[in-house]
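Structure file start_13.pdb with PDB, C-alpha atoms:
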```pdb
ATOM      1  CA  MET A   1      -3.405  -7.067 -17.183  1.00  0.00           C
ATOM      2  CA  VAL A   2      -3.018  -3.334 -17.726  1.00  0.00           C
ATOM      3  CA  SER A   3       0.573  -2.298 -18.267  1.00  0.00           C
ATOM      4  CA  ALA A   4       2.069   1.158 -18.044  1.00  0.00           C
ATOM      5  CA  PRO A   5       3.581   2.440 -21.260  1.00  0.00           C
ATOM      6  CA  THR A   6       7.300   3.081 -21.091  1.00  0.00           C
ATOM      7  CA  GLY A   7       8.015   6.564 -19.775  1.00  0.00           C
ATOM      8  CA  GLN A   8       4.561   7.060 -18.216  1.00  0.00           C
ATOM      9  CA  ASP A   9       4.528   8.854 -14.870  1.00  0.00           C
ATOM     10  CA  LEU A  10       2.693   7.277 -11.948  1.00  0.00           C
ATOM     11  CA  ARG A  11      -0.807   8.643 -11.431  1.00  0.00           C
ATOM     12  CA  LEU A  12      -1.804   6.972  -8.190  1.00  0.00           C
ATOM     13  CA  GLU A  13      -5.519   7.637  -8.588  1.00  0.00           C
ATOM     14  CA  GLU A  14      -5.509   5.906 -11.976  1.00  0.00           C
ATOM     15  CA  PHE A  15      -3.377   2.948 -10.931  1.00  0.00           C
ATOM     16  CA  LEU A  16      -5.436   2.228  -7.800  1.00  0.00           C
ATOM     17  CA  GLU A  17      -8.824   2.450  -9.503  1.00  0.00           C
ATOM     18  CA  GLY A  18     -10.649  -0.877  -9.806  1.00  0.00           C
ATOM     19  CA  SER A  19      -9.662  -4.316  -8.497  1.00  0.00           C
ATOM     20  CA  LEU A  20      -6.072  -5.082  -7.594  1.00  0.00           C
ATOM     21  CA  VAL A  21      -4.160  -7.900  -5.938  1.00  0.00           C
ATOM     22  CA  ALA A  22      -1.004  -7.695  -3.856  1.00  0.00           C
ATOM     23  CA  GLU A  23       1.510 -10.191  -2.556  1.00  0.00           C
ATOM     24  CA  GLY A  24       4.107  -9.282   0.007  1.00  0.00           C
ATOM     25  CA  GLU A  25       6.238 -10.056   2.991  1.00  0.00           C
ATOM     26  CA  PHE A  26       7.494  -8.473   6.198  1.00  0.00           C
ATOM     27  CA  ARG A  27      11.199  -8.829   6.911  1.00  0.00           C
ATOM     28  CA  ASP A  28      12.934  -8.219  10.228  1.00  0.00           C
ATOM     29  CA  PRO A  29      15.903  -5.784  10.406  1.00  0.00           C
ATOM     30  CA  PHE A  30      18.243  -8.662   9.452  1.00  0.00           C
ATOM     31  CA  GLY A  31      16.353  -9.382   6.222  1.00  0.00           C
ATOM     32  CA  ARG A  32      14.667 -12.584   7.419  1.00  0.00           C
ATOM     33  CA  VAL A  33      11.105 -13.088   6.176  1.00  0.00           C
ATOM     34  CA  ARG A  34       8.833 -13.159   9.238  1.00  0.00           C
ATOM     35  CA  ARG A  35       5.403 -13.010   7.639  1.00  0.00           C
ATOM     36  CA  THR A  36       3.845 -13.143   4.179  1.00  0.00           C
ATOM     37  CA  PHE A  37       0.500 -11.865   2.975  1.00  0.00           C
ATOM     38  CA  THR A  38      -1.848 -11.464   0.070  1.00  0.00           C
ATOM     39  CA  ALA A  39      -4.309  -8.607  -0.279  1.00  0.00           C
ATOM     40  CA  GLN A  40      -7.343  -7.723  -2.345  1.00  0.00           C
ATOM     41  CA  LEU A  41      -7.693  -4.000  -3.061  1.00  0.00           C
ATOM     42  CA  THR A  42     -10.620  -2.084  -4.498  1.00  0.00           C
ATOM     43  CA  GLY A  43     -10.160   1.529  -5.560  1.00  0.00           C
ATOM     44  CA  THR A  44     -13.103   3.863  -6.188  1.00  0.00           C
ATOM     45  CA  ARG A  45     -12.500   7.267  -7.785  1.00  0.00           C
ATOM     46  CA  LEU A  46     -14.100  10.290  -6.173  1.00  0.00           C
ATOM     47  CA  PRO A  47     -13.806  13.956  -7.130  1.00  0.00           C
ATOM     48  CA  ASN A  48     -10.176  14.862  -6.278  1.00  0.00           C
ATOM     49  CA  ALA A  49      -9.642  11.625  -4.303  1.00  0.00           C
ATOM     50  CA  ILE A  50      -9.669   7.853  -4.383  1.00  0.00           C
ATOM     51  CA  ARG A  51     -11.005   5.453  -1.735  1.00  0.00           C
ATOM     52  CA  VAL A  52      -9.012   2.222  -1.461  1.00  0.00           C
ATOM     53  CA  GLU A  53     -10.270  -0.753   0.534  1.00  0.00           C
ATOM     54  CA  GLU A  54      -7.593  -3.303   1.454  1.00  0.00           C
ATOM     55  CA  HIS A  55      -8.322  -6.828   2.737  1.00  0.00           C
ATOM     56  CA  PHE A  56      -5.209  -8.660   3.973  1.00  0.00           C
ATOM     57  CA  LEU A  57      -4.749 -12.381   4.588  1.00  0.00           C
ATOM     58  CA  TYR A  58      -1.525 -13.350   6.385  1.00  0.00           C
ATOM     59  CA  ASN A  59       0.198 -16.735   6.211  1.00  0.00           C
ATOM     60  CA  ASP A  60      -0.669 -17.369   9.883  1.00  0.00           C
ATOM     61  CA  GLY A  61      -4.413 -17.004   9.142  1.00  0.00           C
ATOM     62  CA  GLU A  62      -4.813 -13.512  10.584  1.00  0.00           C
ATOM     63  CA  THR A  63      -6.808 -11.011   8.527  1.00  0.00           C
ATOM     64  CA  ASP A  64      -6.837  -7.227   8.543  1.00  0.00           C
ATOM     65  CA  ASP A  65      -8.787  -4.505   6.759  1.00  0.00           C
ATOM     66  CA  ARG A  66      -7.793  -0.936   6.014  1.00  0.00           C
ATOM     67  CA  GLU A  67      -9.641   1.763   4.130  1.00  0.00           C
ATOM     68  CA  TRP A  68      -7.687   4.680   2.708  1.00  0.00           C
ATOM     69  CA  LEU A  69      -9.055   8.003   1.527  1.00  0.00           C
ATOM     70  CA  ILE A  70      -6.305   9.529  -0.621  1.00  0.00           C
ATOM     71  CA  GLU A  71      -6.674  13.147  -1.697  1.00  0.00           C
ATOM     72  CA  VAL A  72      -5.197  14.227  -5.022  1.00  0.00           C
ATOM     73  CA  LEU A  73      -3.664  17.629  -4.232  1.00  0.00           C
ATOM     74  CA  GLY A  74      -2.183  18.320  -7.664  1.00  0.00           C
ATOM     75  CA  ASP A  75       1.377  18.616  -8.937  1.00  0.00           C
ATOM     76  CA  GLY A  76       2.044  15.001  -7.902  1.00  0.00           C
ATOM     77  CA  HIS A  77       1.166  15.567  -4.231  1.00  0.00           C
ATOM     78  CA  TYR A  78      -1.115  13.239  -2.253  1.00  0.00           C
ATOM     79  CA  ARG A  79      -2.441  13.139   1.305  1.00  0.00           C
ATOM     80  CA  GLY A  80      -4.191  10.140   2.837  1.00  0.00           C
ATOM     81  CA  THR A  81      -6.007   8.982   5.922  1.00  0.00           C
ATOM     82  CA  ALA A  82      -6.905   5.477   7.087  1.00  0.00           C
ATOM     83  CA  ASN A  83      -8.501   3.894  10.131  1.00  0.00           C
ATOM     84  CA  ASP A  84      -5.160   3.033  11.765  1.00  0.00           C
ATOM     85  CA  VAL A  85      -3.013   5.871  10.425  1.00  0.00           C
ATOM     86  CA  VAL A  86      -2.150   8.414  13.108  1.00  0.00           C
ATOM     87  CA  ASP A  87      -2.643  11.914  11.652  1.00  0.00           C
ATOM     88  CA  VAL A  88      -2.090  11.737   7.849  1.00  0.00           C
ATOM     89  CA  ALA A  89       0.048  10.095   5.201  1.00  0.00           C
ATOM     90  CA  GLU A  90       1.780  12.417   2.768  1.00  0.00           C
ATOM     91  CA  GLY A  91       3.536  11.738  -0.466  1.00  0.00           C
ATOM     92  CA  ARG A  92       4.776  13.051  -3.761  1.00  0.00           C
ATOM     93  CA  VAL A  93       5.269  11.442  -7.137  1.00  0.00           C
ATOM     94  CA  HIS A  94       8.592  11.810  -8.926  1.00  0.00           C
ATOM     95  CA  GLY A  95       8.111  10.289 -12.393  1.00  0.00           C
ATOM     96  CA  LYS A  96       7.313   6.588 -11.862  1.00  0.00           C
ATOM     97  CA  ARG A  97       7.980   6.722  -8.102  1.00  0.00           C
ATOM     98  CA  LEU A  98       5.860   7.762  -5.118  1.00  0.00           C
ATOM     99  CA  ASP A  99       7.483   8.439  -1.752  1.00  0.00           C
ATOM    100  CA  TRP A 100       4.816   8.061   0.956  1.00  0.00           C
ATOM    101  CA  ARG A 101       5.309   8.444   4.725  1.00  0.00           C
ATOM    102  CA  TYR A 102       2.982   7.985   7.681  1.00  0.00           C
ATOM    103  CA  PRO A 103       2.740   7.009  11.349  1.00  0.00           C
ATOM    104  CA  ILE A 104       0.474   4.021  11.996  1.00  0.00           C
ATOM    105  CA  GLU A 105      -0.799   2.120  15.011  1.00  0.00           C
ATOM    106  CA  LEU A 106      -0.775  -1.646  14.439  1.00  0.00           C
ATOM    107  CA  LYS A 107      -1.597  -4.481  16.809  1.00  0.00           C
ATOM    108  CA  ILE A 108       1.450  -6.678  17.267  1.00  0.00           C
ATOM    109  CA  ASN A 109       1.073  -9.685  19.565  1.00  0.00           C
ATOM    110  CA  GLY A 110      -2.246  -8.230  20.705  1.00  0.00           C
ATOM    111  CA  ARG A 111      -0.821  -4.868  21.759  1.00  0.00           C
ATOM    112  CA  PRO A 112      -1.062  -1.582  19.856  1.00  0.00           C
ATOM    113  CA  ARG A 113       2.317  -0.344  18.573  1.00  0.00           C
ATOM    114  CA  ARG A 114       2.979   2.993  16.909  1.00  0.00           C
ATOM    115  CA  LEU A 115       5.304   2.613  13.933  1.00  0.00           C
ATOM    116  CA  THR A 116       6.414   4.826  11.068  1.00  0.00           C
ATOM    117  CA  PHE A 117       6.280   3.631   7.472  1.00  0.00           C
ATOM    118  CA  ALA A 118       8.425   5.225   4.769  1.00  0.00           C
ATOM    119  CA  ASP A 119       7.106   3.684   1.551  1.00  0.00           C
ATOM    120  CA  ARG A 120       8.558   3.863  -1.925  1.00  0.00           C
ATOM    121  CA  PHE A 121       6.181   2.769  -4.689  1.00  0.00           C
ATOM    122  CA  GLU A 122       7.572   2.418  -8.196  1.00  0.00           C
ATOM    123  CA  LEU A 123       5.993   1.361 -11.486  1.00  0.00           C
ATOM    124  CA  ASP A 124       7.934  -1.384 -13.192  1.00  0.00           C
ATOM    125  CA  GLY A 125       7.973  -2.266 -16.878  1.00  0.00           C
ATOM    126  CA  THR A 126       5.189  -4.874 -16.518  1.00  0.00           C
ATOM    127  CA  GLY A 127       2.608  -2.461 -15.098  1.00  0.00           C
ATOM    128  CA  ALA A 128       3.062  -3.632 -11.496  1.00  0.00           C
ATOM    129  CA  LEU A 129       3.544  -1.218  -8.629  1.00  0.00           C
ATOM    130  CA  ILE A 130       6.457  -2.356  -6.456  1.00  0.00           C
ATOM    131  CA  ASN A 131       6.383  -1.175  -2.843  1.00  0.00           C
ATOM    132  CA  THR A 132       9.302  -1.248  -0.452  1.00  0.00           C
ATOM    133  CA  ALA A 133       8.663   0.233   2.993  1.00  0.00           C
ATOM    134  CA  ARG A 134      11.108   0.910   5.772  1.00  0.00           C
ATOM    135  CA  VAL A 135       9.389   0.384   9.131  1.00  0.00           C
ATOM    136  CA  SER A 136      10.721   2.113  12.229  1.00  0.00           C
ATOM    137  CA  LYS A 137       9.846   2.788  15.864  1.00  0.00           C
ATOM    138  CA  PHE A 138      11.319   5.818  17.609  1.00  0.00           C
ATOM    139  CA  GLY A 139      13.519   6.268  14.530  1.00  0.00           C
ATOM    140  CA  LEU A 140      15.067   2.795  14.854  1.00  0.00           C
ATOM    141  CA  PRO A 141      14.531   0.190  12.088  1.00  0.00           C
ATOM    142  CA  VAL A 142      12.231  -2.694  13.011  1.00  0.00           C
ATOM    143  CA  GLY A 143      11.859  -4.193   9.547  1.00  0.00           C
ATOM    144  CA  SER A 144      10.678  -3.707   6.015  1.00  0.00           C
ATOM    145  CA  VAL A 145       7.703  -4.595   3.848  1.00  0.00           C
ATOM    146  CA  HIS A 146       8.074  -5.675   0.228  1.00  0.00           C
ATOM    147  CA  GLN A 147       5.004  -6.072  -1.958  1.00  0.00           C
ATOM    148  CA  VAL A 148       3.944  -6.211  -5.581  1.00  0.00           C
ATOM    149  CA  ILE A 149       0.563  -4.724  -6.534  1.00  0.00           C
ATOM    150  CA  ARG A 150      -1.087  -5.598  -9.852  1.00  0.00           C
ATOM    151  CA  LYS A 151      -4.398  -5.039 -11.534  1.00  0.00           C
ATOM    152  CA  ALA A 152      -6.620  -8.055 -10.857  1.00  0.00           C
ATOM    153  CA  PRO A 153      -7.082 -10.302 -13.884  1.00  0.00           C
ATOM    154  CA  ALA A 154     -10.430  -9.650 -15.577  1.00  0.00           C
ATOM    155  CA  LEU A 155     -12.928 -12.492 -15.540  1.00  0.00           C
ATOM    156  CA  ALA A 156     -13.577 -14.112 -18.862  1.00  0.00           C
ATOM    157  CA  ALA A 157     -16.832 -12.837 -20.376  1.00  0.00           C
ATOM    158  CA  GLY A 158     -18.492 -16.269 -20.124  1.00  0.00           C
ATOM    159  CA  GLN A 159     -17.444 -16.739 -16.494  1.00  0.00           C
ATOM    160  CA  ALA A 160     -18.691 -13.259 -15.520  1.00  0.00           C
ATOM    161  CA  ALA A 161     -22.076 -13.901 -17.177  1.00  0.00           C
ATOM    162  CA  THR A 162     -22.417 -17.259 -15.384  1.00  0.00           C
ATOM    163  CA  GLU A 163     -21.652 -15.725 -11.989  1.00  0.00           C
ATOM    164  CA  ALA A 164     -24.039 -12.778 -12.455  1.00  0.00           C
TER     165      ALA A 164
END
```

Here is a file; write its structure as structure tokens.
Amino acid sequence: MVSAPTGQDLRLEEFLEGSLVAEGEFRDPFGRVRRTFTAQLTGTRLPNAIRVEEHFLYNDGETDDREWLIEVLGDGHYRGTANDVVDVAEGRVHGKRLDWRYPIELKINGRPRRLTFADRFELDGTGALINTARVSKFGLPVGSVHQVIRKAPALAAGQAATEA
């Protein structure tokens, strides 16, 4: 596992490059866990951007895919688009923390719903990126998402050679 040295600022394009895994949960406004998920992420660096493919598996068997294109604007500023994001996501890094906000259209019970996510990503001392998102509709809280994103463990050299 790659860990961030103490005092290192978050560089989103570096953290998201390569294979990552995430585990998380959605909580209702009263803090009750309503749904859990795991996700596989793959980040590919581009000039002044990073493409991140996310593949979600929820505890109820549902799956979802999202592909982000996140532009590196400089001075800690980022702007992103994804297939279900309405308009753009915008964010700024402050040291080890990224504040990221965007409107999104998600299918809930088979119907499209427009929600707003206000994410806070923060590097912890183990090299994980901890995300807490406030989710709202028309400015009213509908829940929160909590997830931990880590670099995927590297395959052992012998295992990788056998699978190739």

Might you pull out every residue within 10 Å of Lys107 in chain A, with all atoms listed in the file counted and same-chain residues fewer than 6 positions away left off, and present them as an mmCIF file with C-alpha atoms, in the frame of the given file?
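And here is the file that came out, selection.cif:
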```cif
data_model
loop_
_atom_site.group_PDB
_atom_site.id
_atom_site.type_symbol
_atom_site.label_atom_id
_atom_site.label_comp_id
_atom_site.auth_asym_id
_atom_site.auth_seq_id
_atom_site.Cartn_x
_atom_site.Cartn_y
_atom_site.Cartn_z
ATOM 1 C CA ASP A 84 -5.160 3.033 11.765
ATOM 2 C CA ARG A 113 2.317 -0.344 18.573
ATOM 3 C CA ARG A 114 2.979 2.993 16.909
#
```

The PyMOL selection byres ((chain A and resi 15) around 10) on the file shown: which residues, as a ChimeraX atom specification? /A:2-4,10-14,16-20,43,123,127-129,149-151

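Taking only C-alpha atoms into account, Val52 in chain A lies nearest to A:Gly80 out of the set A:Pro141, A:Pro29, A:Gly110, A:Gly80.
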
Hey, what comes out of the PyMOL selection byres ((chain A and resi 147) around 8) on this file? Could you write it as a ChimeraX atom specification? /A:22-25,130-132,145-146,148-149

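Distance annotation: of A:Phe56, A:Trp68, A:Phe138, A:Phe30, the residue with the minimal separation from Thr44 in chain A is A:Trp68; atom set is all atoms listed in the file.
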